[in-house]
>>> print(open('start-v2.txt').read())   # compact mmCIF, C-alpha atoms
# COMPACT_ATOMS: atom_id res chain seq x y z
CA MET A 18 99.03 97.87 85.80
CA PRO A 19 97.41 100.77 87.69
CA GLU A 20 97.51 103.81 85.41
CA LEU A 21 96.90 107.50 86.14
CA PRO A 22 93.12 107.21 86.77
CA GLU A 23 93.66 104.32 89.20
CA VAL A 24 96.40 106.21 91.05
CA GLU A 25 94.33 109.41 91.15
CA THR A 26 91.34 107.41 92.38
CA THR A 27 93.54 106.03 95.17
CA ARG A 28 94.84 109.52 96.02
CA ARG A 29 91.34 110.93 96.34
CA GLY A 30 90.23 107.92 98.37
CA ILE A 31 92.99 107.98 100.98
CA GLU A 32 93.36 111.77 101.26
CA PRO A 33 90.46 112.39 103.70
CA HIS A 34 91.82 109.70 106.04
CA LEU A 35 95.37 111.09 106.16
CA VAL A 36 95.58 114.87 105.81
CA GLY A 37 96.17 116.67 109.08
CA ARG A 38 96.86 113.45 110.93
CA THR A 39 100.07 111.97 112.38
CA VAL A 40 101.91 108.75 111.54
CA THR A 41 102.31 106.89 114.84
CA HIS A 42 103.72 103.55 113.67
CA VAL A 43 105.20 101.94 110.54
CA ILE A 44 105.39 98.18 109.96
CA VAL A 45 107.55 96.82 107.12
CA ARG A 46 106.94 93.10 106.64
CA GLN A 47 108.57 92.73 103.24
CA PRO A 48 111.22 95.31 102.27
CA ALA A 49 112.13 93.55 99.00
CA LEU A 50 109.96 95.45 96.54
CA ARG A 51 111.15 96.62 93.12
CA TRP A 52 113.68 98.66 95.10
CA PRO A 53 114.37 97.86 98.76
CA VAL A 54 112.34 99.82 101.29
CA SER A 55 114.67 102.15 103.17
CA GLU A 56 115.71 100.77 106.55
CA ASP A 57 115.10 104.16 108.16
CA LEU A 58 111.60 104.69 106.73
CA ALA A 59 109.92 104.33 110.14
CA GLN A 60 112.49 106.53 111.85
CA CYS A 61 111.99 109.28 109.26
CA LEU A 62 108.19 109.14 109.24
CA ILE A 63 106.94 108.39 112.76
CA GLY A 64 105.69 111.47 114.55
CA LYS A 65 105.23 113.50 111.39
CA LYS A 66 101.91 114.96 110.30
CA ILE A 67 100.71 114.36 106.73
CA LEU A 68 100.00 117.78 105.24
CA GLN A 69 99.05 116.79 101.69
CA VAL A 70 98.48 113.74 99.53
CA ASN A 71 99.75 114.57 96.04
CA ARG A 72 100.27 112.72 92.77
CA ARG A 73 102.99 113.16 90.16
CA ALA A 74 102.51 110.91 87.16
CA LYS A 75 101.84 107.47 88.71
CA TYR A 76 103.60 108.31 91.99
CA LEU A 77 101.72 109.13 95.19
CA LEU A 78 103.41 111.56 97.57
CA LEU A 79 102.48 111.76 101.25
CA ASP A 80 103.92 115.17 102.10
CA THR A 81 104.90 115.93 105.71
CA GLY A 82 106.59 119.26 105.06
CA ALA A 83 109.91 117.72 106.13
CA GLY A 84 109.94 115.09 103.40
CA SER A 85 107.53 112.78 101.63
CA VAL A 86 106.73 109.12 101.28
CA MET A 87 106.74 108.35 97.53
CA ILE A 88 104.72 105.28 96.58
CA HIS A 89 104.42 103.57 93.20
CA LEU A 90 101.82 100.81 92.88
CA GLY A 91 103.80 98.89 90.26
CA MET A 92 101.82 96.23 88.37
CA SER A 93 99.62 94.91 91.15
CA GLY A 94 99.85 97.27 94.11
CA SER A 95 97.06 98.96 96.03
CA LEU A 96 96.64 101.12 99.12
CA LEU A 97 93.78 100.19 101.43
CA ILE A 98 92.19 101.99 104.36
CA SER A 99 91.34 99.18 106.79
CA PRO A 100 90.21 98.74 110.41
CA LEU A 101 93.21 99.01 112.70
CA ARG A 102 93.43 95.34 113.73
CA THR A 103 92.75 93.80 110.32
CA PRO A 104 94.99 90.69 110.04
CA ALA A 105 97.74 91.05 107.45
CA GLY A 106 97.53 88.85 104.37
CA LYS A 107 100.35 87.22 102.44
CA HIS A 108 100.84 90.21 100.16
CA ASP A 109 100.37 93.00 102.73
CA HIS A 110 103.92 94.33 102.87
CA LEU A 111 103.67 97.68 104.70
CA ASP A 112 101.35 99.25 107.25
CA PHE A 113 101.15 102.91 108.20
CA ILE A 114 99.26 103.50 111.46
CA ILE A 115 97.68 106.95 111.57
CA ASP A 116 96.81 108.53 114.95
CA GLN A 117 96.69 105.02 116.42
CA ASP A 118 93.22 104.46 114.95
CA THR A 119 93.57 104.25 111.15
CA LEU A 120 95.44 101.69 109.06
CA LEU A 121 96.85 102.52 105.62
CA ARG A 122 98.03 99.21 104.14
CA TYR A 123 100.22 98.66 101.08
CA ARG A 124 99.40 95.41 99.25
CA ASP A 125 101.40 94.18 96.26
CA PRO A 126 101.25 90.52 95.11
CA ARG A 127 103.93 90.91 92.44
CA ARG A 128 106.15 93.28 94.47
CA PHE A 129 106.92 95.52 91.48
CA GLY A 130 105.93 98.66 93.38
CA SER A 131 108.15 100.89 95.50
CA VAL A 132 108.09 102.94 98.70
CA PHE A 133 110.71 105.65 99.23
CA TRP A 134 111.32 108.33 101.84
CA LEU A 135 112.22 111.61 100.11
CA PRO A 136 113.91 114.17 102.36
CA GLU A 137 113.74 116.58 99.42
CA SER A 138 110.97 117.35 96.95
CA GLU A 139 112.73 115.79 93.97
CA HIS A 140 113.89 112.28 93.12
CA VAL A 141 115.69 110.85 90.12
CA LEU A 142 112.46 109.03 89.17
CA LEU A 143 110.60 112.34 89.02
CA GLU A 144 113.16 114.18 86.92
CA HIS A 145 112.50 114.89 83.24
CA LEU A 146 108.82 113.93 83.38
CA GLY A 147 106.45 115.56 80.93
CA PRO A 148 103.38 117.63 81.88
CA GLU A 149 100.32 116.23 83.61
CA PRO A 150 97.65 115.43 80.99
CA LEU A 151 94.91 117.23 82.94
CA SER A 152 96.99 120.39 83.41
CA GLU A 153 97.03 123.56 81.32
CA ASP A 154 100.63 122.77 80.33
CA PHE A 155 99.43 119.87 78.17
CA THR A 156 98.33 121.27 74.80
CA GLY A 157 98.03 120.27 71.17
CA GLU A 158 100.68 122.86 70.39
CA THR A 159 103.10 121.14 72.76
CA LEU A 160 102.50 117.70 71.23
CA TRP A 161 102.71 119.02 67.68
CA ARG A 162 106.00 120.80 68.39
CA LEU A 163 107.60 117.78 70.08
CA ALA A 164 106.41 115.45 67.32
CA ARG A 165 108.07 117.31 64.45
CA ASN A 166 110.00 114.87 62.25
CA ARG A 167 109.40 112.03 64.69
CA LYS A 168 108.83 108.64 63.02
CA VAL A 169 107.71 106.86 66.19
CA ALA A 170 104.08 105.67 66.16
CA VAL A 171 101.74 108.24 67.67
CA LYS A 172 100.47 105.78 70.28
CA LEU A 173 103.98 105.16 71.58
CA PHE A 174 104.66 108.90 71.39
CA ILE A 175 101.81 109.79 73.78
CA MET A 176 102.77 106.92 76.10
CA ASN A 177 106.28 108.38 76.52
CA SER A 178 106.42 109.89 80.02
CA HIS A 179 108.95 112.46 78.82
CA ILE A 180 106.24 113.79 76.47
CA VAL A 181 103.24 113.53 78.81
CA VAL A 182 102.81 111.48 81.97
CA GLY A 183 100.11 108.98 82.79
CA VAL A 184 98.74 108.05 79.36
CA GLY A 185 99.01 104.29 79.77
CA ASN A 186 98.11 101.60 77.28
CA ILE A 187 94.38 101.33 77.99
CA TYR A 188 93.76 105.05 77.82
CA ALA A 189 96.01 105.63 74.81
CA ASN A 190 93.89 103.08 72.89
CA GLU A 191 90.67 104.78 73.93
CA ALA A 192 91.81 108.36 73.31
CA LEU A 193 93.16 107.59 69.84
CA TYR A 194 89.88 105.90 68.94
CA ARG A 195 87.86 108.93 70.04
CA ALA A 196 90.21 111.24 68.15
CA GLY A 197 89.93 109.11 64.99
CA ILE A 198 93.71 108.69 64.74
CA ARG A 199 95.24 105.35 63.73
CA PRO A 200 97.73 104.32 66.45
CA GLY A 201 100.47 103.26 64.02
CA ILE A 202 100.75 106.54 62.14
CA ALA A 203 104.04 108.41 62.65
CA ALA A 204 103.72 111.15 65.26
CA GLY A 205 105.38 113.59 62.86
CA ARG A 206 102.55 113.12 60.36
CA VAL A 207 99.80 114.15 62.78
CA THR A 208 98.61 117.68 62.10
CA ARG A 209 98.24 120.40 64.71
CA PRO A 210 94.39 120.32 64.60
CA ARG A 211 94.41 116.55 65.10
CA PHE A 212 96.75 116.90 68.08
CA ASP A 213 94.36 119.49 69.51
CA LYS A 214 91.55 116.96 69.25
CA LEU A 215 93.74 114.19 70.69
CA VAL A 216 94.53 116.31 73.76
CA ARG A 217 90.81 116.90 74.32
CA CYS A 218 90.13 113.16 73.98
CA ILE A 219 92.94 112.20 76.37
CA ARG A 220 91.51 114.58 78.96
CA GLN A 221 87.98 113.26 78.43
CA VAL A 222 88.99 109.61 78.72
CA LEU A 223 91.13 110.15 81.83
CA SER A 224 88.49 112.33 83.52
CA GLU A 225 85.74 109.79 82.83
CA ALA A 226 87.94 106.94 84.10
CA ILE A 227 88.70 108.83 87.32
CA ALA A 228 84.99 109.51 87.83
CA ALA A 229 84.30 105.78 87.36
CA GLY A 230 86.98 104.80 89.88
CA GLY A 231 89.46 103.52 87.29
CA THR A 232 89.51 100.38 85.20
CA THR A 233 89.74 97.03 86.99
CA LEU A 234 91.23 94.40 84.69
CA GLN A 235 93.23 92.20 87.06
CA ASP A 236 94.61 93.24 90.44
CA PHE A 237 93.67 96.87 91.04
CA VAL A 238 91.21 97.75 93.78
CA ARG A 239 90.28 101.10 95.29
CA GLU A 240 91.21 102.28 98.77
CA ASP A 241 88.10 100.61 100.22
CA GLY A 242 88.66 97.33 98.36
CA SER A 243 86.01 98.02 95.68
CA HIS A 244 86.59 97.92 91.93
CA GLY A 245 86.62 100.58 89.22
CA TYR A 246 83.99 100.48 86.51
CA PHE A 247 85.45 102.32 83.51
CA SER A 248 86.00 98.92 81.86
CA GLN A 249 82.28 98.96 81.06
CA SER A 250 82.87 102.05 78.89
CA LEU A 251 85.85 100.79 76.88
CA ALA A 252 85.28 101.23 73.16
CA VAL A 253 88.30 99.36 71.77
CA TYR A 254 90.67 97.99 74.42
CA GLY A 255 90.02 94.30 74.99
CA ARG A 256 87.44 94.18 72.18
CA ALA A 257 89.53 92.89 69.24
CA GLY A 258 87.38 91.01 66.73
CA LEU A 259 84.17 92.61 68.00
CA ALA A 260 82.08 95.24 66.26
CA CYS A 261 83.16 98.87 66.40
CA LYS A 262 80.64 100.87 68.40
CA GLY A 263 80.76 103.55 65.72
CA CYS A 264 80.77 101.99 62.25
CA ARG A 265 80.01 98.36 63.30
CA GLY A 266 83.10 97.14 61.43
CA VAL A 267 85.48 94.62 63.00
CA LEU A 268 88.09 95.97 65.44
CA LYS A 269 91.67 94.95 64.68
CA GLU A 270 94.45 94.04 67.14
CA ILE A 271 98.18 94.59 66.63
CA ARG A 272 101.25 94.66 68.91
CA GLN A 273 103.26 97.82 69.45
CA ALA A 274 106.40 97.69 71.58
CA GLY A 275 105.10 94.52 73.21
CA ARG A 276 101.71 96.03 74.09
CA THR A 277 98.27 95.27 72.74
CA THR A 278 96.72 97.88 70.47
CA VAL A 279 93.12 97.67 69.30
CA TYR A 280 91.68 100.09 66.75
CA CYS A 281 89.04 100.51 64.07
CA PRO A 282 90.49 100.48 60.51
CA THR A 283 87.50 102.52 59.32
CA CYS A 284 87.03 105.14 62.03
CA GLN A 285 90.75 105.75 62.63
CA ASN A 286 93.01 106.97 59.84
>>> encode(input="start-v2.txt", output="structure tokens")
Amino acid sequence: MPELPEVETTRRGIEPHLVGRTVTHVIVRQPALRWPVSEDLAQCLIGKKILQVNRRAKYLLLDTGAGSVMIHLGMSGSLLISPLRTPAGKHDHLDFIIDQDTLLRYRDPRRFGSVFWLPESEHVLLEHLGPEPLSEDFTGETLWRLARNRKVAVKLFIMNSHIVVGVGNIYANEALYRAGIRPGIAAGRVTRPRFDKLVRCIRQVLSEAIAAGGTTLQDFVREDGSHGYFSQSLAVYGRAGLACKGCRGVLKEIRQAGRTTVYCPTCQN
């Protein structure tokens, strides 16, 4: 599933092609995504200029000043900038034609993504989200305060979008490894100094992943169809049974809430 670095990589990639330009045509080939594409999407969007391309959590927002297109890539979605007359493939469900010379195409093999028109700035899916992990609002103090007396595992705690947005499974594994915190420990047992370090590690991991264009494990591609390369830097995720890059001990794999967790029993405690 595309996580925050992949979505931010997409945002940065499509932004120069869209900002200040006008949507001249919208083609909806397959409206049956995770939620149906609004029947009036084209009517609401055509003729409007895109003023900003923003991101909130894993949602992309194409802001026109009179409403926004909110896009979620789901498990297999991607947005591609393509030549105008590029033939549509089987999984190319929506096209946005920009100034009659640029094609922004939404591709989603599994159709778990979504495309909404928001006449207002808020949506039920955006309510009650936690702070952005790269913002000043995300601090060790905040995590420590919210974790008091919480028995939930710290990995699941930082993956809760009500606590902080965008820390998906891959990056939670990597950040906890760098912070030296075992993923199964109760969040309420993590000290304030360790949360401070964890916040720094989350920021480092996400920033490095964005700089590398994200992590390509299955379906995700960038706006130009290329792949992200942060997978080459993964220390624990996907490496169960291999040697820890720190102590050279064997990395262990467990399941937490149906997700794979890999950690080092020696380096993380």
>>> closest_residue(input="start-v2.txt", among="A:Ile44, A:Leu143, A:Leu215, A:Val171", to="Asp109 in chain A", atoms="all atoms listed in the file")
A:Ile44
>>> residues_around(input="start-v2.txt", residues="range 60-62 of chain A", least_positions_apart="5", cutoff="12 Å", atoms="only C-alpha atoms", output="ChimeraX atom specification")
/A:39-45,55,67,79-87,113-115,133-136
>>> write_last_selection(input="start-v2.txt", atoms="C-alpha atoms", output="PDB file, keeping the file's coordinate frame")
ATOM      1  CA  THR A  39     100.070 111.970 112.380  1.00  0.00           C
ATOM      2  CA  VAL A  40     101.910 108.750 111.540  1.00  0.00           C
ATOM      3  CA  THR A  41     102.310 106.890 114.840  1.00  0.00           C
ATOM      4  CA  HIS A  42     103.720 103.550 113.670  1.00  0.00           C
ATOM      5  CA  VAL A  43     105.200 101.940 110.540  1.00  0.00           C
ATOM      6  CA  ILE A  44     105.390  98.180 109.960  1.00  0.00           C
ATOM      7  CA  VAL A  45     107.550  96.820 107.120  1.00  0.00           C
ATOM      8  CA  SER A  55     114.670 102.150 103.170  1.00  0.00           C
ATOM      9  CA  ILE A  67     100.710 114.360 106.730  1.00  0.00           C
ATOM     10  CA  LEU A  79     102.480 111.760 101.250  1.00  0.00           C
ATOM     11  CA  ASP A  80     103.920 115.170 102.100  1.00  0.00           C
ATOM     12  CA  THR A  81     104.900 115.930 105.710  1.00  0.00           C
ATOM     13  CA  GLY A  82     106.590 119.260 105.060  1.00  0.00           C
ATOM     14  CA  ALA A  83     109.910 117.720 106.130  1.00  0.00           C
ATOM     15  CA  GLY A  84     109.940 115.090 103.400  1.00  0.00           C
ATOM     16  CA  SER A  85     107.530 112.780 101.630  1.00  0.00           C
ATOM     17  CA  VAL A  86     106.730 109.120 101.280  1.00  0.00           C
ATOM     18  CA  MET A  87     106.740 108.350  97.530  1.00  0.00           C
ATOM     19  CA  PHE A 113     101.150 102.910 108.200  1.00  0.00           C
ATOM     20  CA  ILE A 114      99.260 103.500 111.460  1.00  0.00           C
ATOM     21  CA  ILE A 115      97.680 106.950 111.570  1.00  0.00           C
ATOM     22  CA  PHE A 133     110.710 105.650  99.230  1.00  0.00           C
ATOM     23  CA  TRP A 134     111.320 108.330 101.840  1.00  0.00           C
ATOM     24  CA  LEU A 135     112.220 111.610 100.110  1.00  0.00           C
ATOM     25  CA  PRO A 136     113.910 114.170 102.360  1.00  0.00           C
TER      26      PRO A 136
END
>>> atom_distance(input="start-v2.txt", atom1="CA of Asp118 in chain A", atom2="CA of Gln69 in chain A")
19.0 Å
>>> closest_atom_pairs(input="start-v2.txt", of="range 20-75 of chain A", to="range 148-153 of chain A", cutoff="12 Å", atoms="only C-alpha atoms", output="Markdown table")
| residue | atom | partner | partner_atom | distance |
| --- | --- | --- | --- | --- |
| A:Leu21 | CA | A:Pro150 | CA | 9.5 |
| A:Pro22 | CA | A:Leu151 | CA | 10.9 |
| A:Glu25 | CA | A:Leu151 | CA | 11.4 |
| A:Arg72 | CA | A:Glu149 | CA | 9.8 |
| A:Arg73 | CA | A:Glu149 | CA | 7.7 |
| A:Ala74 | CA | A:Glu149 | CA | 6.8 |
| A:Lys75 | CA | A:Glu149 | CA | 10.2 |
>>> residues_near_point(input="start-v2.txt", point="(84.4, 105.5, 61.0)", cutoff="9 Å", atoms="only C-alpha atoms", output="list in words")
Gly197, Cys261, Gly263, Cys264, Arg265, Gly266, Cys281, Pro282, Thr283, Cys284, Gln285 and Asn286 of chain A
>>> residues_around(input="start-v2.txt", residues="Tyr254 in chain A", least_positions_apart="3", cutoff="10 Å", atoms="only C-alpha atoms", output="list in words")
Asn186, Ile187, Tyr188, Ala189, Asn190, Glu191, Tyr194, Ser248, Ser250, Leu251, Ala257, Leu268, Glu270, Thr277, Thr278, Val279 and Tyr280 of chain A
>>> atom_distance(input="start-v2.txt", atom1="CA of Ile98 in chain A", atom2="CA of Leu77 in chain A")
15.0 Å
>>> residues_around(input="start-v2.txt", residues="Arg162 in chain A", least_positions_apart="5", cutoff="12 Å", atoms="all atoms listed in the file", output="PyMOL selection string")
chain A and resi 155-157+167+180+204-209+212-213
>>> atom_distance(input="start-v2.txt", atom1="CA of Val132 in chain A", atom2="CA of His89 in chain A")
6.6 Å
>>> closest_residue(input="start-v2.txt", among="A:Glu20, A:Glu144, A:Asp57, A:Glu32", to="Leu97 in chain A", atoms="only C-alpha atoms")
A:Glu32
>>> closest_residue(input="start-v2.txt", among="A:Leu223, A:Gly147, A:Gln273, A:Glu137", to="Val169 in chain A", atoms="all atoms listed in the file")
A:Gln273
>>> closest_residue(input="start-v2.txt", among="A:Leu193, A:Leu121, A:Leu78, A:Leu163", to="His140 in chain A", atoms="only C-alpha atoms")
A:Leu78
>>> closest_residue(input="start-v2.txt", among="A:Arg199, A:Arg165, A:Arg51, A:Arg256", to="Arg128 in chain A", atoms="all atoms listed in the file")
A:Arg51
>>> closest_residue(input="start-v2.txt", among="A:Leu111, A:Pro126, A:Tyr76, A:Pro210", to="Thr159 in chain A", atoms="all atoms listed in the file")
A:Pro210
